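Structure file run_2.pdb (PDB, C-alpha atoms, pLDDT in the B column) follows.
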ATOM      1  CA  MET A   1     -81.474 -52.428 -65.003  1.00 49.00           C
ATOM      2  CA  THR A   2     -81.085 -48.661 -64.867  1.00 51.00           C
ATOM      3  CA  ASN A   3     -80.221 -46.742 -61.731  1.00 57.00           C
ATOM      4  CA  GLU A   4     -83.827 -45.551 -61.475  1.00 65.00           C
ATOM      5  CA  THR A   5     -85.141 -49.100 -61.028  1.00 80.00           C
ATOM      6  CA  ALA A   6     -82.150 -50.635 -59.251  1.00 84.00           C
ATOM      7  CA  PRO A   7     -82.873 -51.584 -55.641  1.00 91.00           C
ATOM      8  CA  LYS A   8     -81.217 -49.630 -52.883  1.00 94.00           C
ATOM      9  CA  PRO A   9     -78.064 -51.364 -51.657  1.00 94.00           C
ATOM     10  CA  TRP A  10     -79.749 -52.625 -48.475  1.00 94.00           C
ATOM     11  CA  GLU A  11     -82.724 -54.064 -50.364  1.00 94.00           C
ATOM     12  CA  GLN A  12     -82.700 -57.530 -51.869  1.00 94.00           C
ATOM     13  CA  GLN A  13     -80.460 -57.523 -54.921  1.00 94.00           C
ATOM     14  CA  PRO A  14     -81.281 -59.176 -58.241  1.00 93.00           C
ATOM     15  CA  ASP A  15     -80.565 -62.902 -58.014  1.00 94.00           C
ATOM     16  CA  GLU A  16     -79.797 -62.683 -54.279  1.00 94.00           C
ATOM     17  CA  PRO A  17     -81.208 -65.835 -52.685  1.00 95.00           C
ATOM     18  CA  PRO A  18     -84.059 -65.017 -50.261  1.00 95.00           C
ATOM     19  CA  GLU A  19     -82.460 -67.118 -47.521  1.00 94.00           C
ATOM     20  CA  TRP A  20     -79.248 -65.096 -47.683  1.00 94.00           C
ATOM     21  CA  TYR A  21     -81.116 -61.799 -47.975  1.00 96.00           C
ATOM     22  CA  ASP A  22     -83.014 -62.701 -44.788  1.00 95.00           C
ATOM     23  CA  ARG A  23     -79.679 -63.347 -43.093  1.00 94.00           C
ATOM     24  CA  PHE A  24     -78.281 -60.074 -44.453  1.00 95.00           C
ATOM     25  CA  HIS A  25     -81.333 -58.321 -43.027  1.00 94.00           C
ATOM     26  CA  VAL A  26     -80.547 -59.793 -39.582  1.00 95.00           C
ATOM     27  CA  TYR A  27     -76.970 -58.519 -40.007  1.00 95.00           C
ATOM     28  CA  LEU A  28     -78.240 -55.094 -41.111  1.00 95.00           C
ATOM     29  CA  ASN A  29     -80.589 -54.742 -38.145  1.00 95.00           C
ATOM     30  CA  LEU A  30     -77.741 -55.244 -35.668  1.00 94.00           C
ATOM     31  CA  GLY A  31     -76.837 -51.587 -36.251  1.00 93.00           C
ATOM     32  CA  PRO A  32     -73.508 -49.880 -36.865  1.00 93.00           C
ATOM     33  CA  SER A  33     -71.631 -52.157 -34.446  1.00 93.00           C
ATOM     34  CA  ARG A  34     -72.827 -55.247 -36.344  1.00 94.00           C
ATOM     35  CA  SER A  35     -70.646 -58.279 -36.954  1.00 92.00           C
ATOM     36  CA  LEU A  36     -70.956 -61.509 -38.903  1.00 91.00           C
ATOM     37  CA  SER A  37     -70.582 -63.465 -35.673  1.00 88.00           C
ATOM     38  CA  GLY A  38     -73.399 -61.499 -34.049  1.00 89.00           C
ATOM     39  CA  ALA A  39     -75.650 -62.019 -37.056  1.00 90.00           C
ATOM     40  CA  PHE A  40     -74.830 -65.743 -37.140  1.00 90.00           C
ATOM     41  CA  ARG A  41     -75.668 -66.089 -33.447  1.00 88.00           C
ATOM     42  CA  ALA A  42     -78.953 -64.233 -34.021  1.00 88.00           C
ATOM     43  CA  TRP A  43     -80.189 -66.328 -36.936  1.00 86.00           C
ATOM     44  CA  ALA A  44     -78.687 -69.662 -35.932  1.00 84.00           C
ATOM     45  CA  GLY A  45     -79.561 -69.424 -32.247  1.00 82.00           C
ATOM     46  CA  SER A  46     -76.049 -70.573 -31.552  1.00 74.00           C
ATOM     47  CA  THR A  47     -73.181 -69.330 -29.447  1.00 69.00           C
ATOM     48  CA  GLY A  48     -70.670 -70.759 -31.899  1.00 67.00           C
ATOM     49  CA  LYS A  49     -68.636 -69.031 -34.597  1.00 72.00           C
ATOM     50  CA  HIS A  50     -69.867 -68.614 -38.147  1.00 72.00           C
ATOM     51  CA  SER A  51     -68.420 -70.743 -40.894  1.00 77.00           C
ATOM     52  CA  GLY A  52     -66.348 -69.736 -43.889  1.00 86.00           C
ATOM     53  CA  VAL A  53     -69.496 -70.071 -45.999  1.00 89.00           C
ATOM     54  CA  VAL A  54     -71.022 -67.091 -44.173  1.00 88.00           C
ATOM     55  CA  SER A  55     -67.875 -65.034 -44.768  1.00 90.00           C
ATOM     56  CA  ASN A  56     -67.817 -65.949 -48.457  1.00 92.00           C
ATOM     57  CA  VAL A  57     -71.502 -65.184 -48.984  1.00 93.00           C
ATOM     58  CA  SER A  58     -71.215 -61.865 -47.127  1.00 93.00           C
ATOM     59  CA  LYS A  59     -68.317 -60.881 -49.392  1.00 95.00           C
ATOM     60  CA  GLU A  60     -70.098 -62.086 -52.530  1.00 94.00           C
ATOM     61  CA  TRP A  61     -73.168 -59.957 -51.712  1.00 96.00           C
ATOM     62  CA  ASN A  62     -71.177 -56.987 -50.326  1.00 95.00           C
ATOM     63  CA  TRP A  63     -72.817 -57.013 -46.906  1.00 95.00           C
ATOM     64  CA  VAL A  64     -70.374 -54.553 -45.354  1.00 95.00           C
ATOM     65  CA  GLU A  65     -70.709 -51.952 -48.128  1.00 96.00           C
ATOM     66  CA  ARG A  66     -74.489 -52.365 -48.278  1.00 96.00           C
ATOM     67  CA  ALA A  67     -74.783 -51.955 -44.514  1.00 96.00           C
ATOM     68  CA  LEU A  68     -72.573 -48.848 -44.604  1.00 96.00           C
ATOM     69  CA  ALA A  69     -74.812 -47.384 -47.335  1.00 96.00           C
ATOM     70  CA  TYR A  70     -77.839 -48.125 -45.164  1.00 96.00           C
ATOM     71  CA  ASP A  71     -76.215 -46.459 -42.125  1.00 96.00           C
ATOM     72  CA  GLN A  72     -75.360 -43.372 -44.196  1.00 96.00           C
ATOM     73  CA  ALA A  73     -78.892 -43.117 -45.611  1.00 95.00           C
ATOM     74  CA  ASP A  74     -80.302 -43.506 -42.096  1.00 95.00           C
ATOM     75  CA  ARG A  75     -78.062 -40.709 -40.760  1.00 95.00           C
ATOM     76  CA  GLU A  76     -79.061 -38.439 -43.649  1.00 95.00           C
ATOM     77  CA  GLU A  77     -82.750 -39.161 -43.091  1.00 95.00           C
ATOM     78  CA  LYS A  78     -82.445 -38.371 -39.374  1.00 95.00           C
ATOM     79  CA  ALA A  79     -80.500 -35.178 -40.112  1.00 95.00           C
ATOM     80  CA  ALA A  80     -83.150 -34.055 -42.621  1.00 95.00           C
ATOM     81  CA  PHE A  81     -85.899 -34.771 -40.094  1.00 95.00           C
ATOM     82  CA  GLU A  82     -84.083 -32.770 -37.404  1.00 94.00           C
ATOM     83  CA  ALA A  83     -83.478 -29.879 -39.814  1.00 93.00           C
ATOM     84  CA  ALA A  84     -87.164 -29.811 -40.767  1.00 94.00           C
ATOM     85  CA  ARG A  85     -88.186 -29.979 -37.113  1.00 93.00           C
ATOM     86  CA  GLU A  86     -85.843 -27.110 -36.216  1.00 90.00           C
ATOM     87  CA  ALA A  87     -87.136 -25.039 -39.155  1.00 90.00           C
ATOM     88  CA  GLU A  88     -90.722 -25.553 -37.970  1.00 92.00           C
ATOM     89  CA  ALA A  89     -89.762 -24.585 -34.419  1.00 89.00           C
ATOM     90  CA  ARG A  90     -87.955 -21.503 -35.732  1.00 86.00           C
ATOM     91  CA  GLU A  91     -91.063 -20.472 -37.690  1.00 89.00           C
ATOM     92  CA  ARG A  92     -93.236 -20.875 -34.577  1.00 89.00           C
ATOM     93  CA  ARG A  93     -90.825 -18.743 -32.541  1.00 86.00           C
ATOM     94  CA  LEU A  94     -90.737 -16.049 -35.219  1.00 85.00           C
ATOM     95  CA  HIS A  95     -94.532 -16.001 -35.422  1.00 88.00           C
ATOM     96  CA  ARG A  96     -94.766 -15.665 -31.636  1.00 86.00           C
ATOM     97  CA  LEU A  97     -92.178 -12.863 -31.604  1.00 82.00           C
ATOM     98  CA  GLU A  98     -93.993 -10.973 -34.365  1.00 85.00           C
ATOM     99  CA  LYS A  99     -97.200 -11.188 -32.315  1.00 86.00           C
ATOM    100  CA  ILE A 100     -95.427  -9.880 -29.208  1.00 81.00           C
ATOM    101  CA  ILE A 101     -93.947  -6.966 -31.166  1.00 78.00           C
ATOM    102  CA  GLU A 102     -97.341  -6.118 -32.680  1.00 84.00           C
ATOM    103  CA  ASP A 103     -99.071  -6.335 -29.292  1.00 83.00           C
ATOM    104  CA  SER A 104     -96.364  -4.227 -27.628  1.00 76.00           C
ATOM    105  CA  ALA A 105     -96.731  -1.545 -30.289  1.00 77.00           C
ATOM    106  CA  ALA A 106    -100.524  -1.667 -29.939  1.00 82.00           C
ATOM    107  CA  ALA A 107    -100.229  -1.319 -26.154  1.00 76.00           C
ATOM    108  CA  LEU A 108     -98.018   1.737 -26.613  1.00 72.00           C
ATOM    109  CA  ASP A 109    -100.596   3.235 -29.002  1.00 77.00           C
ATOM    110  CA  ILE A 110    -103.485   2.523 -26.638  1.00 78.00           C
ATOM    111  CA  ALA A 111    -101.574   3.871 -23.644  1.00 69.00           C
ATOM    112  CA  ASP A 112    -101.996   7.386 -25.030  1.00 72.00           C
ATOM    113  CA  LEU A 113     -98.736   8.403 -23.427  1.00 67.00           C
ATOM    114  CA  LYS A 114     -99.386  12.099 -24.093  1.00 73.00           C
ATOM    115  CA  ASN A 115    -102.370  12.064 -21.749  1.00 79.00           C
ATOM    116  CA  LEU A 116    -100.891   9.956 -18.951  1.00 75.00           C
ATOM    117  CA  SER A 117     -99.651  11.504 -15.805  1.00 79.00           C
ATOM    118  CA  PRO A 118     -95.868  11.333 -15.430  1.00 78.00           C
ATOM    119  CA  GLN A 119     -96.312   8.714 -12.694  1.00 83.00           C
ATOM    120  CA  GLU A 120     -98.533   6.525 -14.901  1.00 78.00           C
ATOM    121  CA  ALA A 121     -96.143   6.813 -17.841  1.00 73.00           C
ATOM    122  CA  ARG A 122     -93.165   5.956 -15.672  1.00 75.00           C
ATOM    123  CA  ALA A 123     -94.979   2.897 -14.322  1.00 80.00           C
ATOM    124  CA  LEU A 124     -96.036   1.593 -17.740  1.00 73.00           C
ATOM    125  CA  LEU A 125     -93.215   2.505 -20.072  1.00 72.00           C
ATOM    126  CA  PRO A 126     -90.302   0.420 -18.681  1.00 76.00           C
ATOM    127  CA  SER A 127     -92.196  -2.869 -18.937  1.00 77.00           C
ATOM    128  CA  LEU A 128     -93.424  -2.201 -22.468  1.00 71.00           C
ATOM    129  CA  ARG A 129     -90.032  -0.948 -23.603  1.00 76.00           C
ATOM    130  CA  LEU A 130     -88.311  -4.009 -22.154  1.00 80.00           C
ATOM    131  CA  LEU A 131     -90.821  -6.381 -23.702  1.00 75.00           C
ATOM    132  CA  PHE A 132     -90.608  -4.671 -27.084  1.00 74.00           C
ATOM    133  CA  SER A 133     -86.800  -4.436 -27.139  1.00 79.00           C
ATOM    134  CA  SER A 134     -86.398  -8.029 -25.923  1.00 80.00           C
ATOM    135  CA  ALA A 135     -88.774  -9.321 -28.592  1.00 77.00           C
ATOM    136  CA  VAL A 136     -86.994  -7.340 -31.311  1.00 79.00           C
ATOM    137  CA  GLU A 137     -83.606  -8.638 -30.130  1.00 82.00           C
ATOM    138  CA  LEU A 138     -84.868 -12.223 -30.036  1.00 80.00           C
ATOM    139  CA  GLN A 139     -86.346 -11.832 -33.503  1.00 79.00           C
ATOM    140  CA  ARG A 140     -83.081 -10.380 -34.843  1.00 82.00           C
ATOM    141  CA  ARG A 141     -81.094 -13.280 -33.417  1.00 81.00           C
ATOM    142  CA  GLU A 142     -83.617 -15.815 -34.667  1.00 76.00           C
ATOM    143  CA  LEU A 143     -83.479 -14.415 -38.189  1.00 78.00           C
ATOM    144  CA  GLN A 144     -79.683 -14.236 -38.044  1.00 80.00           C
ATOM    145  CA  SER A 145     -79.428 -17.867 -36.960  1.00 71.00           C
ATOM    146  CA  ALA A 146     -81.743 -18.938 -39.780  1.00 61.00           C
ATOM    147  CA  THR A 147     -79.412 -17.515 -42.401  1.00 58.00           C
ATOM    148  CA  ALA A 148     -76.049 -18.018 -40.694  1.00 49.00           C
ATOM    149  CA  SER A 149     -76.157 -21.762 -40.258  1.00 47.00           C
ATOM    150  CA  ASP A 150     -78.676 -24.533 -40.021  1.00 46.00           C
ATOM    151  CA  HIS A 151     -76.174 -26.632 -38.087  1.00 43.00           C
ATOM    152  CA  PHE A 152     -76.661 -24.803 -34.784  1.00 42.00           C
ATOM    153  CA  PRO A 153     -79.827 -24.588 -32.722  1.00 46.00           C
ATOM    154  CA  ALA A 154     -81.633 -21.311 -33.264  1.00 43.00           C
ATOM    155  CA  ALA A 155     -81.851 -20.673 -29.535  1.00 47.00           C
ATOM    156  CA  SER A 156     -78.073 -20.639 -29.031  1.00 47.00           C
ATOM    157  CA  GLY A 157     -76.746 -17.266 -27.979  1.00 47.00           C
ATOM    158  CA  TRP A 158     -80.121 -15.875 -26.923  1.00 50.00           C
ATOM    159  CA  PRO A 159     -79.884 -13.154 -24.329  1.00 52.00           C
ATOM    160  CA  GLU A 160     -80.798 -13.731 -20.719  1.00 60.00           C
ATOM    161  CA  LEU A 161     -84.269 -12.350 -20.237  1.00 61.00           C
ATOM    162  CA  ASP A 162     -85.845 -10.638 -17.291  1.00 63.00           C
ATOM    163  CA  PRO A 163     -88.069 -13.142 -15.420  1.00 70.00           C
ATOM    164  CA  GLU A 164     -91.116 -10.950 -16.071  1.00 65.00           C
ATOM    165  CA  ILE A 165     -90.403 -11.027 -19.829  1.00 66.00           C
ATOM    166  CA  GLU A 166     -90.024 -14.825 -19.643  1.00 67.00           C
ATOM    167  CA  LYS A 167     -93.519 -14.997 -18.084  1.00 67.00           C
ATOM    168  CA  ILE A 168     -94.960 -12.889 -20.893  1.00 67.00           C
ATOM    169  CA  LEU A 169     -93.254 -15.012 -23.571  1.00 66.00           C
ATOM    170  CA  ASP A 170     -94.617 -18.143 -21.873  1.00 66.00           C
ATOM    171  CA  MET A 171     -98.085 -16.580 -21.837  1.00 67.00           C
ATOM    172  CA  TYR A 172     -97.892 -16.029 -25.608  1.00 64.00           C
ATOM    173  CA  ALA A 173     -96.686 -19.600 -26.115  1.00 66.00           C
ATOM    174  CA  ASP A 174     -99.597 -20.903 -24.012  1.00 67.00           C
ATOM    175  CA  GLU A 175    -102.094 -18.789 -25.994  1.00 65.00           C
ATOM    176  CA  GLU A 176    -100.646 -20.051 -29.270  1.00 63.00           C
ATOM    177  CA  SER A 177    -100.849 -23.683 -28.082  1.00 68.00           C
ATOM    178  CA  ALA A 178    -104.457 -23.234 -26.940  1.00 72.00           C
ATOM    179  CA  SER A 179    -105.511 -21.628 -30.233  1.00 69.00           C
ATOM    180  CA  SER A 180    -103.943 -24.413 -32.315  1.00 66.00           C
ATOM    181  CA  GLU A 181    -105.808 -27.179 -30.451  1.00 64.00           C
TER
END
Take the structure I supplied and represent it as structure tokens, if you would.
Amino acid sequence: MTNETAPKPWEQQPDEPPEWYDRFHVYLNLGPSRSLSGAFRAWAGSTGKHSGVVSNVSKEWNWVERALAYDQADREEKAAFEAAREAEARERRLHRLEKIIEDSAAALDIADLKNLSPQEARALLPSLRLLFSSAVELQRRELQSATASDHFPAASGWPELDPEIEKILDMYADEESASSE
């Protein structure tokens, strides 16, 4: 058999008796803290100790190495899933931040600052400036975290935001959730 058609270590091996593979599977499903005694108790329904036959068969069919390979593959699969989930979340955050930046810029354009009274401009400008600068800063940090390392959550090191800005960000998140349903 070539490597392309060879079973994975935790699958039934060529010539492995089905009875012993079933017992290996019980052993495998006990998780990383598995033991031969625990597997024996599970399949035999006994509180006694396994025999030398079980030890010999487990060595013959490399149960420990096969189980370690399974544990490693399981960890890698979970890590890949988490990385994909974090990448999707990062993309959603970036999309939301781009929308906030666009809407902030549009609000500044619509505000027609040249024709506002000084009082109106003073009332409007701080909120828009804070929203815009916060969104740009969050976007910068998000993009930086995407390239710096995929081992750390993208939200780590985010600045503390003004409670009013948090409300606006939540509003955009709610709008995005409603439009995707």
Take every atom of range 76-89 of chain A listed in the file, fit an axis-aligned box around them, add 4 Å per side, and give the centre and edge lengths in Å to one decimal as AutoDock Vina command-line options.
--center_x -84.9 --center_y -31.9 --center_z -39.0 --size_x 19.7 --size_y 22.6 --size_z 17.2
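With CA of Trp61 in chain A on one side and CA of Asp22 in chain A on the other, the separation reads 12.3 Å.
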Subject >> Using only C-alpha atoms: which of A:Ala89, A:Leu128, A:Ala73, A:Leu68 has the shortest distance to Leu108 in chain A >> reply: A:Leu128
Original post:
How far is it from CA of Asn115 in chain A to CA of Phe132 in chain A, in Å with one decimal?
Top reply: 21.1 Å
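For the atom pair formed by CA of Lys8 in chain A and CA of Gln72 in chain A, the distance is 12.2 Å, given to one decimal.
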Assuming the input is short of atoms at range 107-123 of chain A, produce N, CA and C atoms for that part as a PDB file, in the frame of the given file.
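This is the output file out-v8.pdb:
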ATOM      1  N   ALA A 107    -100.100  -1.771 -27.546  1.00 76.00           N
ATOM      2  CA  ALA A 107    -100.229  -1.319 -26.154  1.00 76.00           C
ATOM      3  C   ALA A 107     -99.678   0.093 -26.003  1.00 76.00           C
ATOM      4  N   LEU A 108     -98.570   0.375 -26.671  1.00 72.00           N
ATOM      5  CA  LEU A 108     -98.018   1.737 -26.613  1.00 72.00           C
ATOM      6  C   LEU A 108     -98.984   2.739 -27.257  1.00 72.00           C
ATOM      7  N   ASP A 109     -99.626   2.348 -28.356  1.00 77.00           N
ATOM      8  CA  ASP A 109    -100.596   3.235 -29.002  1.00 77.00           C
ATOM      9  C   ASP A 109    -101.800   3.485 -28.098  1.00 77.00           C
ATOM     10  N   ILE A 110    -102.312   2.417 -27.498  1.00 78.00           N
ATOM     11  CA  ILE A 110    -103.485   2.523 -26.638  1.00 78.00           C
ATOM     12  C   ILE A 110    -103.174   3.315 -25.370  1.00 78.00           C
ATOM     13  N   ALA A 111    -101.951   3.226 -24.899  1.00 69.00           N
ATOM     14  CA  ALA A 111    -101.574   3.871 -23.644  1.00 69.00           C
ATOM     15  C   ALA A 111    -101.773   5.380 -23.687  1.00 69.00           C
ATOM     16  N   ASP A 112    -101.798   5.942 -24.884  1.00 72.00           N
ATOM     17  CA  ASP A 112    -101.996   7.386 -25.030  1.00 72.00           C
ATOM     18  C   ASP A 112    -101.038   8.117 -24.096  1.00 72.00           C
ATOM     19  N   LEU A 113     -99.782   7.893 -24.315  1.00 67.00           N
ATOM     20  CA  LEU A 113     -98.736   8.403 -23.427  1.00 67.00           C
ATOM     21  C   LEU A 113     -98.814   9.912 -23.217  1.00 67.00           C
ATOM     22  N   LYS A 114     -99.306  10.633 -24.217  1.00 73.00           N
ATOM     23  CA  LYS A 114     -99.386  12.099 -24.093  1.00 73.00           C
ATOM     24  C   LYS A 114    -100.336  12.515 -22.979  1.00 73.00           C
ATOM     25  N   ASN A 115    -101.355  11.697 -22.735  1.00 79.00           N
ATOM     26  CA  ASN A 115    -102.370  12.064 -21.749  1.00 79.00           C
ATOM     27  C   ASN A 115    -102.200  11.371 -20.403  1.00 79.00           C
ATOM     28  N   LEU A 116    -101.148  10.598 -20.241  1.00 75.00           N
ATOM     29  CA  LEU A 116    -100.891   9.956 -18.951  1.00 75.00           C
ATOM     30  C   LEU A 116    -100.183  10.933 -18.027  1.00 75.00           C
ATOM     31  N   SER A 117    -100.418  10.725 -16.766  1.00 79.00           N
ATOM     32  CA  SER A 117     -99.651  11.504 -15.805  1.00 79.00           C
ATOM     33  C   SER A 117     -98.210  11.004 -15.850  1.00 79.00           C
ATOM     34  N   PRO A 118     -97.262  11.804 -15.439  1.00 78.00           N
ATOM     35  CA  PRO A 118     -95.868  11.333 -15.430  1.00 78.00           C
ATOM     36  C   PRO A 118     -95.689  10.051 -14.611  1.00 78.00           C
ATOM     37  N   GLN A 119     -96.428   9.915 -13.526  1.00 83.00           N
ATOM     38  CA  GLN A 119     -96.312   8.714 -12.694  1.00 83.00           C
ATOM     39  C   GLN A 119     -96.842   7.482 -13.454  1.00 83.00           C
ATOM     40  N   GLU A 120     -97.971   7.635 -14.138  1.00 78.00           N
ATOM     41  CA  GLU A 120     -98.533   6.525 -14.901  1.00 78.00           C
ATOM     42  C   GLU A 120     -97.600   6.116 -16.041  1.00 78.00           C
ATOM     43  N   ALA A 121     -97.058   7.094 -16.727  1.00 73.00           N
ATOM     44  CA  ALA A 121     -96.143   6.813 -17.841  1.00 73.00           C
ATOM     45  C   ALA A 121     -94.901   6.104 -17.337  1.00 73.00           C
ATOM     46  N   ARG A 122     -94.363   6.600 -16.211  1.00 75.00           N
ATOM     47  CA  ARG A 122     -93.165   5.956 -15.672  1.00 75.00           C
ATOM     48  C   ARG A 122     -93.456   4.513 -15.254  1.00 75.00           C
ATOM     49  N   ALA A 123     -94.631   4.250 -14.771  1.00 80.00           N
ATOM     50  CA  ALA A 123     -94.979   2.897 -14.322  1.00 80.00           C
ATOM     51  C   ALA A 123     -95.163   1.946 -15.509  1.00 80.00           C
TER      52      ALA A 123
END
